$ cat target_9.txt   # compact mmCIF, C-alpha atoms and all ligand atoms
# COMPACT_ATOMS: atom_id res chain seq x y z
CA MET A 1 85.21 68.01 157.49
CA LYS A 2 86.62 71.28 156.28
CA LYS A 3 84.55 73.03 153.63
CA THR A 4 86.12 74.30 150.44
CA VAL A 5 85.46 77.76 149.05
CA LEU A 6 86.45 78.79 145.54
CA VAL A 7 87.29 82.48 145.27
CA SER A 8 87.26 83.70 141.67
CA GLY A 9 89.31 86.86 141.28
CA GLY A 10 90.91 85.88 144.56
CA ALA A 11 94.18 87.73 144.04
CA GLY A 12 92.51 91.13 143.70
CA PHE A 13 91.79 93.76 146.33
CA ILE A 14 88.61 92.34 147.79
CA GLY A 15 89.36 88.71 146.89
CA SER A 16 92.68 88.64 148.74
CA HIS A 17 91.20 90.08 151.94
CA VAL A 18 88.28 87.66 151.76
CA THR A 19 90.67 84.74 151.27
CA VAL A 20 92.57 85.70 154.43
CA GLU A 21 89.39 85.85 156.51
CA LEU A 22 88.08 82.55 155.13
CA ILE A 23 91.33 80.76 155.90
CA GLN A 24 91.42 82.25 159.39
CA ALA A 25 87.84 81.07 159.89
CA GLY A 26 88.91 77.51 159.08
CA TYR A 27 87.92 77.09 155.43
CA ASP A 28 89.98 75.52 152.68
CA VAL A 29 90.24 78.11 149.95
CA VAL A 30 91.08 77.74 146.28
CA MET A 31 92.25 81.05 144.92
CA ALA A 32 91.63 81.47 141.20
CA ASP A 33 92.64 84.44 139.08
CA ASN A 34 93.80 85.23 135.57
CA PHE A 35 95.93 88.16 136.81
CA SER A 36 94.45 90.46 134.19
CA ASN A 37 94.12 93.29 136.66
CA CYS A 38 96.49 92.39 139.49
CA ASP A 39 99.86 90.82 140.05
CA ARG A 40 100.92 87.93 142.27
CA SER A 41 101.62 90.04 145.30
CA GLY A 42 98.06 89.48 146.56
CA TYR A 43 98.63 85.74 146.56
CA GLU A 44 102.02 86.08 148.23
CA GLY A 45 100.62 88.47 150.83
CA VAL A 46 97.77 86.10 151.73
CA LYS A 47 100.23 83.23 152.19
CA GLN A 48 102.41 85.38 154.42
CA ILE A 49 99.52 86.59 156.59
CA THR A 50 97.95 83.15 157.00
CA GLY A 51 101.09 81.03 156.99
CA ARG A 52 99.41 78.82 154.39
CA GLU A 53 102.31 78.18 152.03
CA ASP A 54 100.21 75.47 150.37
CA LEU A 55 97.32 77.76 149.41
CA PRO A 56 96.10 76.45 146.04
CA LEU A 57 96.36 79.00 143.26
CA GLU A 58 94.70 78.29 139.94
CA GLU A 59 95.44 80.51 136.97
CA VAL A 60 92.05 80.43 135.33
CA ASP A 61 90.32 82.61 132.79
CA PHE A 62 86.70 82.48 133.91
CA CYS A 63 85.57 83.35 130.39
CA ASN A 64 86.98 79.99 129.30
CA ALA A 65 84.26 77.45 130.02
CA ALA A 66 86.57 74.43 129.78
CA GLN A 67 88.93 75.89 132.37
CA VAL A 68 86.07 76.64 134.76
CA HIS A 69 84.61 73.15 134.38
CA ALA A 70 88.05 71.65 135.01
CA LEU A 71 88.34 73.70 138.18
CA PHE A 72 85.02 72.43 139.51
CA ALA A 73 86.06 68.87 138.60
CA LYS A 74 89.37 69.20 140.44
CA TYR A 75 88.14 70.46 143.82
CA PRO A 76 85.22 69.54 146.11
CA ILE A 77 83.77 73.05 145.99
CA ASP A 78 81.10 73.73 148.61
CA ALA A 79 80.73 77.42 147.87
CA VAL A 80 82.00 79.87 145.31
CA ILE A 81 82.53 83.59 145.78
CA HIS A 82 82.59 85.33 142.44
CA PHE A 83 84.76 88.44 142.15
CA ALA A 84 86.34 87.92 138.74
CA ALA A 85 85.09 90.97 136.84
CA TYR A 86 86.15 94.29 135.38
CA LYS A 87 85.27 97.22 137.61
CA ALA A 88 86.12 100.59 136.07
CA VAL A 89 82.96 102.58 135.39
CA GLY A 90 84.52 104.98 132.86
CA GLU A 91 86.25 102.22 130.94
CA SER A 92 82.98 100.30 130.75
CA VAL A 93 81.36 103.28 129.01
CA GLU A 94 84.15 103.27 126.43
CA LYS A 95 84.33 99.48 126.01
CA PRO A 96 80.85 98.08 126.68
CA VAL A 97 81.32 94.88 124.71
CA MET A 98 84.47 94.02 126.61
CA TYR A 99 82.64 94.60 129.90
CA TYR A 100 79.49 92.67 129.05
CA LYS A 101 81.49 89.80 127.59
CA ASN A 102 83.87 89.47 130.51
CA ASN A 103 81.54 90.12 133.42
CA LEU A 104 78.60 88.08 132.13
CA MET A 105 80.51 85.22 130.52
CA SER A 106 82.66 84.56 133.56
CA PHE A 107 79.63 84.38 135.84
CA LEU A 108 77.64 82.22 133.43
CA ASN A 109 80.53 79.78 133.26
CA VAL A 110 80.63 79.56 137.05
CA LEU A 111 76.89 78.92 137.25
CA GLU A 112 76.98 76.35 134.46
CA ALA A 113 79.84 74.46 136.07
CA ALA A 114 78.14 74.64 139.48
CA GLN A 115 74.89 73.28 138.03
CA GLU A 116 76.66 70.50 136.24
CA LYS A 117 78.14 69.38 139.53
CA GLY A 118 74.65 69.13 140.93
CA GLY A 119 74.48 72.51 142.59
CA CYS A 120 76.44 74.93 144.69
CA ASN A 121 76.29 77.88 147.06
CA VAL A 122 77.06 81.01 145.10
CA LEU A 123 77.97 84.36 146.59
CA PHE A 124 77.99 87.22 144.12
CA SER A 125 79.84 90.47 144.75
CA SER A 126 77.37 93.13 143.84
CA SER A 127 77.45 96.83 144.47
CA ALA A 128 75.47 99.75 145.85
CA THR A 129 75.70 101.05 142.30
CA VAL A 130 72.51 99.03 141.62
CA TYR A 131 70.58 101.62 143.67
CA GLY A 132 71.68 104.46 141.38
CA GLU A 133 70.70 107.85 142.85
CA PRO A 134 68.27 106.69 145.53
CA ASP A 135 65.09 108.62 146.31
CA ALA A 136 65.76 108.25 150.03
CA VAL A 137 68.80 107.40 152.16
CA PRO A 138 69.90 105.21 153.81
CA VAL A 139 69.04 102.45 151.38
CA THR A 140 67.68 99.11 152.53
CA GLU A 141 67.66 95.95 150.45
CA LYS A 142 64.06 96.80 149.57
CA THR A 143 65.03 100.14 148.03
CA PRO A 144 64.22 99.76 144.34
CA ARG A 145 67.09 99.40 141.92
CA LYS A 146 67.47 102.22 139.42
CA PRO A 147 68.33 101.81 135.75
CA ALA A 148 72.10 101.43 135.52
CA THR A 149 74.03 104.44 134.28
CA SER A 150 77.03 102.50 132.96
CA PRO A 151 77.69 99.11 131.37
CA TYR A 152 79.62 98.20 134.52
CA GLY A 153 76.58 98.93 136.69
CA ASN A 154 74.41 97.08 134.26
CA THR A 155 76.58 93.96 134.51
CA LYS A 156 76.08 94.01 138.29
CA GLN A 157 72.29 94.20 137.87
CA MET A 158 72.29 91.56 135.16
CA CYS A 159 74.40 89.16 137.23
CA GLU A 160 72.07 89.68 140.20
CA ASP A 161 69.13 88.75 137.96
CA ILE A 162 70.96 85.80 136.42
CA LEU A 163 71.72 84.39 139.87
CA ARG A 164 68.15 84.91 141.06
CA ASP A 165 66.73 83.14 137.99
CA THR A 166 69.25 80.31 138.26
CA VAL A 167 68.44 79.76 141.92
CA LYS A 168 64.72 79.80 141.16
CA ALA A 169 65.02 77.24 138.37
CA SER A 170 67.38 74.95 140.27
CA GLY A 171 64.85 73.44 142.63
CA GLY A 172 66.96 74.31 145.64
CA THR A 173 70.28 72.92 144.40
CA VAL A 174 71.75 76.36 143.73
CA LYS A 175 71.61 78.88 146.54
CA GLY A 176 72.66 82.48 146.20
CA ILE A 177 73.62 85.46 148.28
CA LEU A 178 74.08 88.90 146.76
CA LEU A 179 76.27 91.20 148.80
CA ARG A 180 75.91 94.84 147.81
CA TYR A 181 79.08 96.64 148.80
CA PHE A 182 79.19 100.32 149.50
CA ASN A 183 82.68 101.95 149.26
CA PRO A 184 85.35 99.43 150.39
CA ILE A 185 88.56 101.17 151.46
CA GLY A 186 91.69 100.58 153.51
CA ALA A 187 94.00 97.61 153.67
CA HIS A 188 94.88 94.65 155.86
CA PRO A 189 96.44 95.86 159.16
CA SER A 190 99.58 93.83 158.33
CA ALA A 191 100.08 96.11 155.28
CA LEU A 192 100.90 92.97 153.29
CA ILE A 193 97.85 93.20 151.02
CA GLY A 194 95.86 96.18 149.77
CA GLU A 195 94.52 97.93 146.74
CA LEU A 196 96.83 98.04 143.71
CA PRO A 197 95.28 100.27 141.07
CA ARG A 198 96.83 100.13 137.63
CA GLY A 199 97.58 103.55 136.22
CA VAL A 200 95.67 106.55 137.51
CA PRO A 201 93.30 105.47 140.30
CA ASN A 202 89.58 105.98 139.73
CA ASN A 203 88.66 105.60 143.37
CA LEU A 204 89.05 108.23 146.02
CA VAL A 205 91.24 106.59 148.67
CA PRO A 206 93.99 105.25 146.40
CA TYR A 207 94.08 108.70 144.80
CA ILE A 208 94.45 110.26 148.26
CA THR A 209 97.26 107.93 149.34
CA GLN A 210 99.10 108.32 146.03
CA THR A 211 98.86 112.10 146.34
CA ALA A 212 100.07 112.01 149.93
CA VAL A 213 103.07 109.86 149.00
CA GLY A 214 103.96 112.13 146.07
CA LYS A 215 103.00 109.89 143.16
CA ARG A 216 100.30 112.39 142.13
CA PRO A 217 100.64 116.17 142.43
CA CYS A 218 97.14 116.96 143.59
CA LEU A 219 93.84 115.32 144.50
CA ASN A 220 90.89 116.60 142.52
CA ILE A 221 87.71 116.68 144.57
CA PHE A 222 84.87 116.37 142.12
CA GLY A 223 82.27 118.95 143.03
CA ASN A 224 81.73 121.09 146.14
CA ASP A 225 78.34 122.44 145.14
CA TYR A 226 76.24 119.37 145.87
CA PRO A 227 73.18 119.64 148.10
CA THR A 228 75.05 118.16 151.09
CA PRO A 229 76.28 119.81 154.34
CA ASP A 230 79.74 120.66 152.96
CA GLY A 231 78.91 120.50 149.25
CA THR A 232 80.84 117.27 148.56
CA CYS A 233 79.26 113.85 147.96
CA LEU A 234 78.27 111.57 150.82
CA ARG A 235 79.36 107.94 150.85
CA ASP A 236 79.44 104.90 153.12
CA PHE A 237 83.12 104.01 153.37
CA ILE A 238 83.49 100.47 154.64
CA ASP A 239 86.74 98.94 155.90
CA ILE A 240 87.99 96.17 153.63
CA VAL A 241 88.58 93.75 156.52
CA ASP A 242 85.09 94.36 157.88
CA LEU A 243 83.75 93.79 154.38
CA ALA A 244 85.78 90.59 154.03
CA LYS A 245 84.35 89.27 157.29
CA ALA A 246 80.84 89.72 155.88
CA HIS A 247 81.74 87.04 153.33
CA VAL A 248 82.68 84.61 156.08
CA CYS A 249 79.29 85.21 157.69
CA ALA A 250 77.50 84.77 154.35
CA VAL A 251 79.34 81.56 153.48
CA GLY A 252 78.63 80.17 156.94
CA ARG A 253 74.98 81.04 156.53
CA MET A 254 74.80 79.14 153.26
CA LEU A 255 76.75 76.10 154.40
CA GLU A 256 75.02 75.79 157.76
CA GLY A 257 71.54 75.93 156.21
CA LYS A 258 70.59 79.17 157.91
CA MET A 259 69.22 80.95 154.85
CA LYS A 260 65.63 82.12 155.01
CA ALA A 261 65.23 82.16 151.22
CA ASP A 262 67.19 80.45 148.45
CA CYS A 263 68.47 83.80 147.21
CA GLU A 264 69.19 86.53 149.71
CA VAL A 265 70.46 90.11 149.46
CA PHE A 266 72.46 92.06 152.02
CA ASN A 267 73.82 95.58 152.10
CA ILE A 268 77.39 95.65 153.31
CA GLY A 269 78.08 99.09 154.70
CA THR A 270 78.58 100.91 157.97
CA GLY A 271 75.36 102.90 157.97
CA ARG A 272 77.49 106.02 158.58
CA PRO A 273 77.60 108.67 155.86
CA LEU A 274 80.83 110.58 155.43
CA SER A 275 81.51 113.34 152.93
CA VAL A 276 84.45 113.28 150.56
CA LEU A 277 85.87 116.34 152.31
CA GLU A 278 85.38 114.81 155.77
CA LEU A 279 87.28 111.76 154.59
CA VAL A 280 90.12 113.90 153.25
CA ASN A 281 90.29 115.84 156.53
CA ALA A 282 90.24 112.63 158.58
CA PHE A 283 93.05 111.18 156.46
CA GLU A 284 95.24 114.25 157.07
CA LYS A 285 94.53 114.25 160.79
CA VAL A 286 95.01 110.58 161.57
CA ASN A 287 98.16 110.21 159.48
CA GLY A 288 99.66 113.63 160.20
CA VAL A 289 100.14 114.42 156.52
CA LYS A 290 99.15 117.44 154.50
CA LEU A 291 97.24 116.63 151.36
CA ASN A 292 97.37 118.83 148.30
CA TYR A 293 93.83 119.03 146.98
CA LYS A 294 91.59 121.29 144.96
CA PHE A 295 87.94 121.43 144.04
CA VAL A 296 87.11 120.76 140.41
CA PRO A 297 83.77 120.38 138.61
CA ARG A 298 81.51 117.42 139.31
CA ARG A 299 82.38 114.04 137.78
CA ALA A 300 79.76 112.79 135.32
CA GLY A 301 77.62 110.00 136.69
CA ASP A 302 78.38 110.52 140.38
CA VAL A 303 75.56 109.90 142.82
CA VAL A 304 75.13 112.75 145.32
CA SER A 305 74.46 110.80 148.52
CA ILE A 306 74.28 107.13 149.30
CA TRP A 307 74.78 105.11 152.42
CA ALA A 308 73.57 101.78 153.69
CA ASP A 309 71.02 100.68 156.16
CA PRO A 310 72.96 97.55 157.22
CA THR A 311 70.31 96.36 159.72
CA LEU A 312 69.54 93.19 157.81
CA ALA A 313 73.19 92.07 157.68
CA ASN A 314 73.56 93.04 161.37
CA THR A 315 70.56 91.08 162.57
CA GLU A 316 70.35 88.20 160.12
CA MET A 317 74.01 87.43 159.47
CA GLY A 318 75.34 88.64 162.79
CA TRP A 319 77.78 90.84 160.93
CA LYS A 320 78.65 94.41 161.81
CA ALA A 321 81.30 96.86 160.66
CA THR A 322 83.60 97.44 163.62
CA ARG A 323 86.63 99.39 162.46
CA SER A 324 86.72 103.15 162.86
CA ILE A 325 87.36 105.40 159.90
CA GLU A 326 90.62 106.42 161.61
CA GLU A 327 91.89 102.83 161.77
CA THR A 328 90.87 102.30 158.18
CA LEU A 329 92.57 105.43 156.87
CA LYS A 330 95.67 104.55 158.85
CA SER A 331 95.75 101.12 157.19
CA ALA A 332 95.36 102.70 153.74
CA TRP A 333 98.33 104.96 154.41
CA GLU A 334 100.47 102.14 155.83
CA TRP A 335 99.78 100.12 152.69
CA GLU A 336 100.89 103.00 150.47
CA LEU A 337 104.07 103.35 152.56
CA HIS A 338 104.65 99.61 152.24
CA LEU A 339 104.46 99.94 148.44
CA LYS A 340 106.89 102.85 148.56
CA ASN A 341 109.37 100.90 150.67
CA GLN A 342 109.17 97.98 148.27
CA GLN A 343 110.14 100.20 145.36
CA GLN A 344 113.18 101.61 147.14
N1 LIG B 401 86.23 111.37 144.13
C1 LIG B 401 86.95 112.55 144.08
N2 LIG B 401 88.19 112.52 143.52
C2 LIG B 401 88.76 111.37 143.03
C3 LIG B 401 88.02 110.16 143.10
C4 LIG B 401 86.75 110.20 143.66
O1 LIG B 401 86.47 113.61 144.50
O2 LIG B 401 89.88 111.41 142.52
C5 LIG B 401 84.88 111.38 144.74
C6 LIG B 401 83.79 110.94 143.78
O3 LIG B 401 83.34 112.05 143.03
C7 LIG B 401 82.74 110.38 144.73
C8 LIG B 401 83.57 109.81 145.88
O4 LIG B 401 84.85 110.43 145.79
O5 LIG B 401 81.93 111.41 145.21
C9 LIG B 401 83.75 108.29 145.81
O6 LIG B 401 84.23 107.95 144.53
P1 LIG B 401 84.81 106.52 144.18
O7 LIG B 401 85.19 106.54 142.72
O8 LIG B 401 85.88 106.14 145.14
O9 LIG B 401 83.59 105.54 144.43
P2 LIG B 401 82.08 105.56 143.88
O10 LIG B 401 81.25 106.08 145.02
O11 LIG B 401 82.04 106.42 142.67
O12 LIG B 401 81.80 104.12 143.61

$ encode --input "target_9.txt" --output "structure tokens" --more "lines below"
Ligand code: UDP
Amino acid sequence: MKKTVLVSGGAGFIGSHVTVELIQAGYDVVMADNFSNCDRSGYEGVKQITGREDLPLEEVDFCNAAQVHALFAKYPIDAVIHFAAYKAVGESVEKPVMYYKNNLMSFLNVLEAAQEKGGCNVLFSSSATVYGEPDAVPVTEKTPRKPATSPYGNTKQMCEDILRDTVKASGGTVKGILLRYFNPIGAHPSALIGELPRGVPNNLVPYITQTAVGKRPCLNIFGNDYPTPDGTCLRDFIDIVDLAKAHVCAVGRMLEGKMKADCEVFNIGTGRPLSVLELVNAFEKVNGVKLNYKFVPRRAGDVVSIWADPTLANTEMGWKATRSIEETLKSAWEWELHLKNQQQ
């Protein structure tokens, strides 16, 4: 029988790509979102890519316990992937209560509803931000976490701990996987779904594509005096489709009883460091566009260098990033052009 996966925050950037891959891998998916930080185009795009006109969409506020319980009562949920959360670091510093309330409450409601149903497989979308500025790179899952430098980062650490404790106390009925993402970028090759930042983008690649298309006059590169080969920060940029496929592997692992512990952690990255400037240069080259950029002072809170050691995900989950940075940057540009064409 087909297994059902609930994807909270399913209409967003990562959620929509994960939904596509799950459907294509043969799962029934319930997409749930309150559309607080995205519109319906993610849902429409997923339907178009997969041909699943009947894809269930539930407009749910995960901070509302009654709504979450009703969702779990309505569907035979075998696994839940939890994305529904706020994600802007700067905003979290300005509005900590809003961040703690939303990101913790929504996850607690999911866990409570899952427990009440007698258990569940829970996949939590965590982040490399939990490693802070690591003492050594690349980071493995054993690299110690560092104290969070923002309320956003803190919510990721707290949710990791909450899931671990819940799994431990559940006597095996709740199983958990924490996926720590590095820097997800790019878009689906169909250019039907992608990242849709509201207002001025915080992240590098949407800022690049918006500058290239003329929505922004100039890309600011934050800092060129870091202790790195070219002075700009080093990151592990991971293709969004590759990242989405990691979720299919993780869900399969949970549902097929392949886990080696009741709560597991995996880094989801390429293992390949790339500097901000290298990324900018690659974007210009692969897409044949000239990007207006300038160097400005460092951005507060930025980590100098971080990239993944993805060996555990490679060997244990059988997952590996496969797309080249060129393919990924091409997909990011095609998505931006798709948005431009839509507006015309
Ligand atoms: N960055 C930049 N200009 C921008 C946005 C980001 O130079 O407009 C740099 C940022 O300083 C960092 C890297 O790009 O070194 C990745 O930043 P992003 O916000 O995309 O992800 P983070 O690694 O902070 O999670």

$ residues_around --input "target_9.txt" --residues "Pro138 (chain A)" --least-positions-apart "2" --cutoff "7 Å" --atoms "only C-alpha atoms" --output "PyMOL selection string"
chain A and resi 136+140+306-309

$ write_last_selection --input "target_9.txt" --atoms "C-alpha atoms" --output "mmCIF file, in the frame of the given file"
data_model
loop_
_atom_site.group_PDB
_atom_site.id
_atom_site.type_symbol
_atom_site.label_atom_id
_atom_site.label_comp_id
_atom_site.auth_asym_id
_atom_site.auth_seq_id
_atom_site.Cartn_x
_atom_site.Cartn_y
_atom_site.Cartn_z
ATOM 1 C CA ALA A 136 65.760 108.250 150.030
ATOM 2 C CA THR A 140 67.680 99.110 152.530
ATOM 3 C CA ILE A 306 74.280 107.130 149.300
ATOM 4 C CA TRP A 307 74.780 105.110 152.420
ATOM 5 C CA ALA A 308 73.570 101.780 153.690
ATOM 6 C CA ASP A 309 71.020 100.680 156.160
#

$ atom_distance --input "target_9.txt" --atom1 "CA of Asn64 (chain A)" --atom2 "CA of Pro197 (chain A)"
24.9 Å

$ residues_near_ligand --input "target_9.txt" --ligand "ligand LIG 401 (chain B)" --cutoff "7 Å" --atoms "all atoms listed in the file" --output "PDB file with C-alpha atoms, keeping the file's coordinate frame"
ATOM      1  CA  THR A 129      75.700 101.050 142.300  1.00  0.00           C
ATOM      2  CA  ASN A 183      82.680 101.950 149.260  1.00  0.00           C
ATOM      3  CA  ASN A 202      89.580 105.980 139.730  1.00  0.00           C
ATOM      4  CA  ASN A 203      88.660 105.600 143.370  1.00  0.00           C
ATOM      5  CA  LEU A 204      89.050 108.230 146.020  1.00  0.00           C
ATOM      6  CA  VAL A 205      91.240 106.590 148.670  1.00  0.00           C
ATOM      7  CA  TYR A 207      94.080 108.700 144.800  1.00  0.00           C
ATOM      8  CA  LEU A 219      93.840 115.320 144.500  1.00  0.00           C
ATOM      9  CA  ASN A 220      90.890 116.600 142.520  1.00  0.00           C
ATOM     10  CA  ILE A 221      87.710 116.680 144.570  1.00  0.00           C
ATOM     11  CA  PHE A 222      84.870 116.370 142.120  1.00  0.00           C
ATOM     12  CA  GLY A 223      82.270 118.950 143.030  1.00  0.00           C
ATOM     13  CA  THR A 232      80.840 117.270 148.560  1.00  0.00           C
ATOM     14  CA  CYS A 233      79.260 113.850 147.960  1.00  0.00           C
ATOM     15  CA  LEU A 234      78.270 111.570 150.820  1.00  0.00           C
ATOM     16  CA  ARG A 235      79.360 107.940 150.850  1.00  0.00           C
ATOM     17  CA  VAL A 276      84.450 113.280 150.560  1.00  0.00           C
ATOM     18  CA  ARG A 298      81.510 117.420 139.310  1.00  0.00           C
ATOM     19  CA  ARG A 299      82.380 114.040 137.780  1.00  0.00           C
ATOM     20  CA  ASP A 302      78.380 110.520 140.380  1.00  0.00           C
ATOM     21  CA  VAL A 303      75.560 109.900 142.820  1.00  0.00           C
ATOM     22  CA  VAL A 304      75.130 112.750 145.320  1.00  0.00           C
TER      23      VAL A 304
END

$ atom_distance --input "target_9.txt" --atom1 "CA of Gln24 (chain A)" --atom2 "CA of Asp54 (chain A)"
14.3 Å

$ residues_around --input "target_9.txt" --residues "Tyr27 (chain A)" --least-positions-apart "3" --cutoff "10 Å" --atoms "all atoms listed in the file" --output "ChimeraX atom specification"
/A:1-5,19-24,30,248,251-252

$ write_last_selection --input "target_9.txt" --atoms "C-alpha atoms" --output "mmCIF file, in the coordinates of the input"
data_model
loop_
_atom_site.group_PDB
_atom_site.id
_atom_site.type_symbol
_atom_site.label_atom_id
_atom_site.label_comp_id
_atom_site.auth_asym_id
_atom_site.auth_seq_id
_atom_site.Cartn_x
_atom_site.Cartn_y
_atom_site.Cartn_z
ATOM 1 C CA MET A 1 85.210 68.010 157.490
ATOM 2 C CA LYS A 2 86.620 71.280 156.280
ATOM 3 C CA LYS A 3 84.550 73.030 153.630
ATOM 4 C CA THR A 4 86.120 74.300 150.440
ATOM 5 C CA VAL A 5 85.460 77.760 149.050
ATOM 6 C CA THR A 19 90.670 84.740 151.270
ATOM 7 C CA VAL A 20 92.570 85.700 154.430
ATOM 8 C CA GLU A 21 89.390 85.850 156.510
ATOM 9 C CA LEU A 22 88.080 82.550 155.130
ATOM 10 C CA ILE A 23 91.330 80.760 155.900
ATOM 11 C CA GLN A 24 91.420 82.250 159.390
ATOM 12 C CA VAL A 30 91.080 77.740 146.280
ATOM 13 C CA VAL A 248 82.680 84.610 156.080
ATOM 14 C CA VAL A 251 79.340 81.560 153.480
ATOM 15 C CA GLY A 252 78.630 80.170 156.940
#

$ closest_residue --input "target_9.txt" --among "A:Pro189, A:Gly51, A:Pro147, A:Gly171" --to "Val241 (chain A)" --atoms "all atoms listed in the file"
A:Pro189

$ closest_residue --input "target_9.txt" --among "A:Cys63, A:Val213, A:Ala148, A:Ala244" --to "Val289 (chain A)" --atoms "only C-alpha atoms"
A:Val213

$ atom_distance --input "target_9.txt" --atom1 "CA of Glu141 (chain A)" --atom2 "CA of Gln115 (chain A)"
26.8 Å

$ residues_around --input "target_9.txt" --residues "Leu104 (chain A)" --least-positions-apart "2" --cutoff "9 Å" --atoms "all atoms listed in the file" --output "short mmCIF file (atom, residue, chain, number, x, y, z; two decimals) with C-alpha atoms, in the coordinates of the input"
data_model
loop_
_atom_site.label_atom_id
_atom_site.label_comp_id
_atom_site.auth_asym_id
_atom_site.auth_seq_id
_atom_site.Cartn_x
_atom_site.Cartn_y
_atom_site.Cartn_z
CA CYS A 63 85.57 83.35 130.39
CA ALA A 85 85.09 90.97 136.84
CA TYR A 99 82.64 94.60 129.90
CA TYR A 100 79.49 92.67 129.05
CA LYS A 101 81.49 89.80 127.59
CA ASN A 102 83.87 89.47 130.51
CA SER A 106 82.66 84.56 133.56
CA PHE A 107 79.63 84.38 135.84
CA LEU A 108 77.64 82.22 133.43
CA ASN A 109 80.53 79.78 133.26
CA THR A 155 76.58 93.96 134.51
CA LYS A 156 76.08 94.01 138.29
CA MET A 158 72.29 91.56 135.16
CA CYS A 159 74.40 89.16 137.23
#

$ residues_around --input "target_9.txt" --residues "region 173-180 of chain A" --least-positions-apart "6" --cutoff "9 Å" --atoms "all atoms listed in the file" --output "PDB file with C-alpha atoms, keeping the file's coordinate frame"
ATOM      1  CA  LEU A 111      76.890  78.920 137.250  1.00  0.00           C
ATOM      2  CA  ALA A 114      78.140  74.640 139.480  1.00  0.00           C
ATOM      3  CA  GLN A 115      74.890  73.280 138.030  1.00  0.00           C
ATOM      4  CA  GLY A 118      74.650  69.130 140.930  1.00  0.00           C
ATOM      5  CA  GLY A 119      74.480  72.510 142.590  1.00  0.00           C
ATOM      6  CA  CYS A 120      76.440  74.930 144.690  1.00  0.00           C
ATOM      7  CA  ASN A 121      76.290  77.880 147.060  1.00  0.00           C
ATOM      8  CA  VAL A 122      77.060  81.010 145.100  1.00  0.00           C
ATOM      9  CA  LEU A 123      77.970  84.360 146.590  1.00  0.00           C
ATOM     10  CA  PHE A 124      77.990  87.220 144.120  1.00  0.00           C
ATOM     11  CA  SER A 125      79.840  90.470 144.750  1.00  0.00           C
ATOM     12  CA  SER A 126      77.370  93.130 143.840  1.00  0.00           C
ATOM     13  CA  SER A 127      77.450  96.830 144.470  1.00  0.00           C
ATOM     14  CA  ALA A 128      75.470  99.750 145.850  1.00  0.00           C
ATOM     15  CA  THR A 129      75.700 101.050 142.300  1.00  0.00           C
ATOM     16  CA  VAL A 130      72.510  99.030 141.620  1.00  0.00           C
ATOM     17  CA  GLU A 141      67.660  95.950 150.450  1.00  0.00           C
ATOM     18  CA  GLU A 160      72.070  89.680 140.200  1.00  0.00           C
ATOM     19  CA  LEU A 163      71.720  84.390 139.870  1.00  0.00           C
ATOM     20  CA  ARG A 164      68.150  84.910 141.060  1.00  0.00           C
ATOM     21  CA  THR A 166      69.250  80.310 138.260  1.00  0.00           C
ATOM     22  CA  VAL A 167      68.440  79.760 141.920  1.00  0.00           C
ATOM     23  CA  ALA A 246      80.840  89.720 155.880  1.00  0.00           C
ATOM     24  CA  HIS A 247      81.740  87.040 153.330  1.00  0.00           C
ATOM     25  CA  ALA A 250      77.500  84.770 154.350  1.00  0.00           C
ATOM     26  CA  VAL A 251      79.340  81.560 153.480  1.00  0.00           C
ATOM     27  CA  MET A 254      74.800  79.140 153.260  1.00  0.00           C
ATOM     28  CA  MET A 259      69.220  80.950 154.850  1.00  0.00           C
ATOM     29  CA  ALA A 261      65.230  82.160 151.220  1.00  0.00           C
ATOM     30  CA  ASP A 262      67.190  80.450 148.450  1.00  0.00           C
ATOM     31  CA  CYS A 263      68.470  83.800 147.210  1.00  0.00           C
ATOM     32  CA  GLU A 264      69.190  86.530 149.710  1.00  0.00           C
ATOM     33  CA  VAL A 265      70.460  90.110 149.460  1.00  0.00           C
ATOM     34  CA  PHE A 266      72.460  92.060 152.020  1.00  0.00           C
ATOM     35  CA  ASN A 267      73.820  95.580 152.100  1.00  0.00           C
ATOM     36  CA  ILE A 268      77.390  95.650 153.310  1.00  0.00           C
ATOM     37  CA  GLY A 269      78.080  99.090 154.700  1.00  0.00           C
TER      38      GLY A 269
END

$ residues_around --input "target_9.txt" --residues "Leu71 (chain A)" --least-positions-apart "6" --cutoff "9 Å" --atoms "all atoms listed in the file" --output "list of chain:residue names"
A:Ala32, A:Glu58, A:Val60, A:Ala113

$ closest_residue --input "target_9.txt" --among "A:Phe295, A:Asn103, A:Gly271, A:His188" --to "Phe13 (chain A)" --atoms "only C-alpha atoms"
A:His188

$ closest_residue --input "target_9.txt" --among "A:Ser8, A:Ser275, A:Ser190, A:Asn154" --to "Ile49 (chain A)" --atoms "all atoms listed in the file"
A:Ser190

$ closest_residue --input "target_9.txt" --among "A:Glu278, A:Glu195, A:Asp242, A:Glu316" --to "Gly45 (chain A)" --atoms "only C-alpha atoms"
A:Glu195

$ closest_residue --input "target_9.txt" --among "A:Lys47, A:Glu116, A:Pro310, A:Ala11" --to "Met31 (chain A)" --atoms "all atoms listed in the file"
A:Ala11

$ axis_aligned_box --input "target_9.txt" --around "region 298-308 of chain A" --padding-each-side "8 Å" --output "AutoDock Vina command-line options"
--center_x 78.0 --center_y 109.6 --center_z 144.5 --size_x 24.8 --size_y 31.6 --size_z 34.4

$ residues_near_point --input "target_9.txt" --point "(67.7, 118.3, 149.0)" --cutoff "12 Å" --atoms "all atoms listed in the file" --output "CSV table (one decimal) with C-alpha atoms, keeping the file's coordinate frame"
chain,number,residue,atom,x,y,z
A,135,ASP,CA,65.1,108.6,146.3
A,136,ALA,CA,65.8,108.2,150.0
A,137,VAL,CA,68.8,107.4,152.2
A,226,TYR,CA,76.2,119.4,145.9
A,227,PRO,CA,73.2,119.6,148.1
A,228,THR,CA,75.0,118.2,151.1
A,229,PRO,CA,76.3,119.8,154.3
A,231,GLY,CA,78.9,120.5,149.2
A,304,VAL,CA,75.1,112.8,145.3
A,305,SER,CA,74.5,110.8,148.5
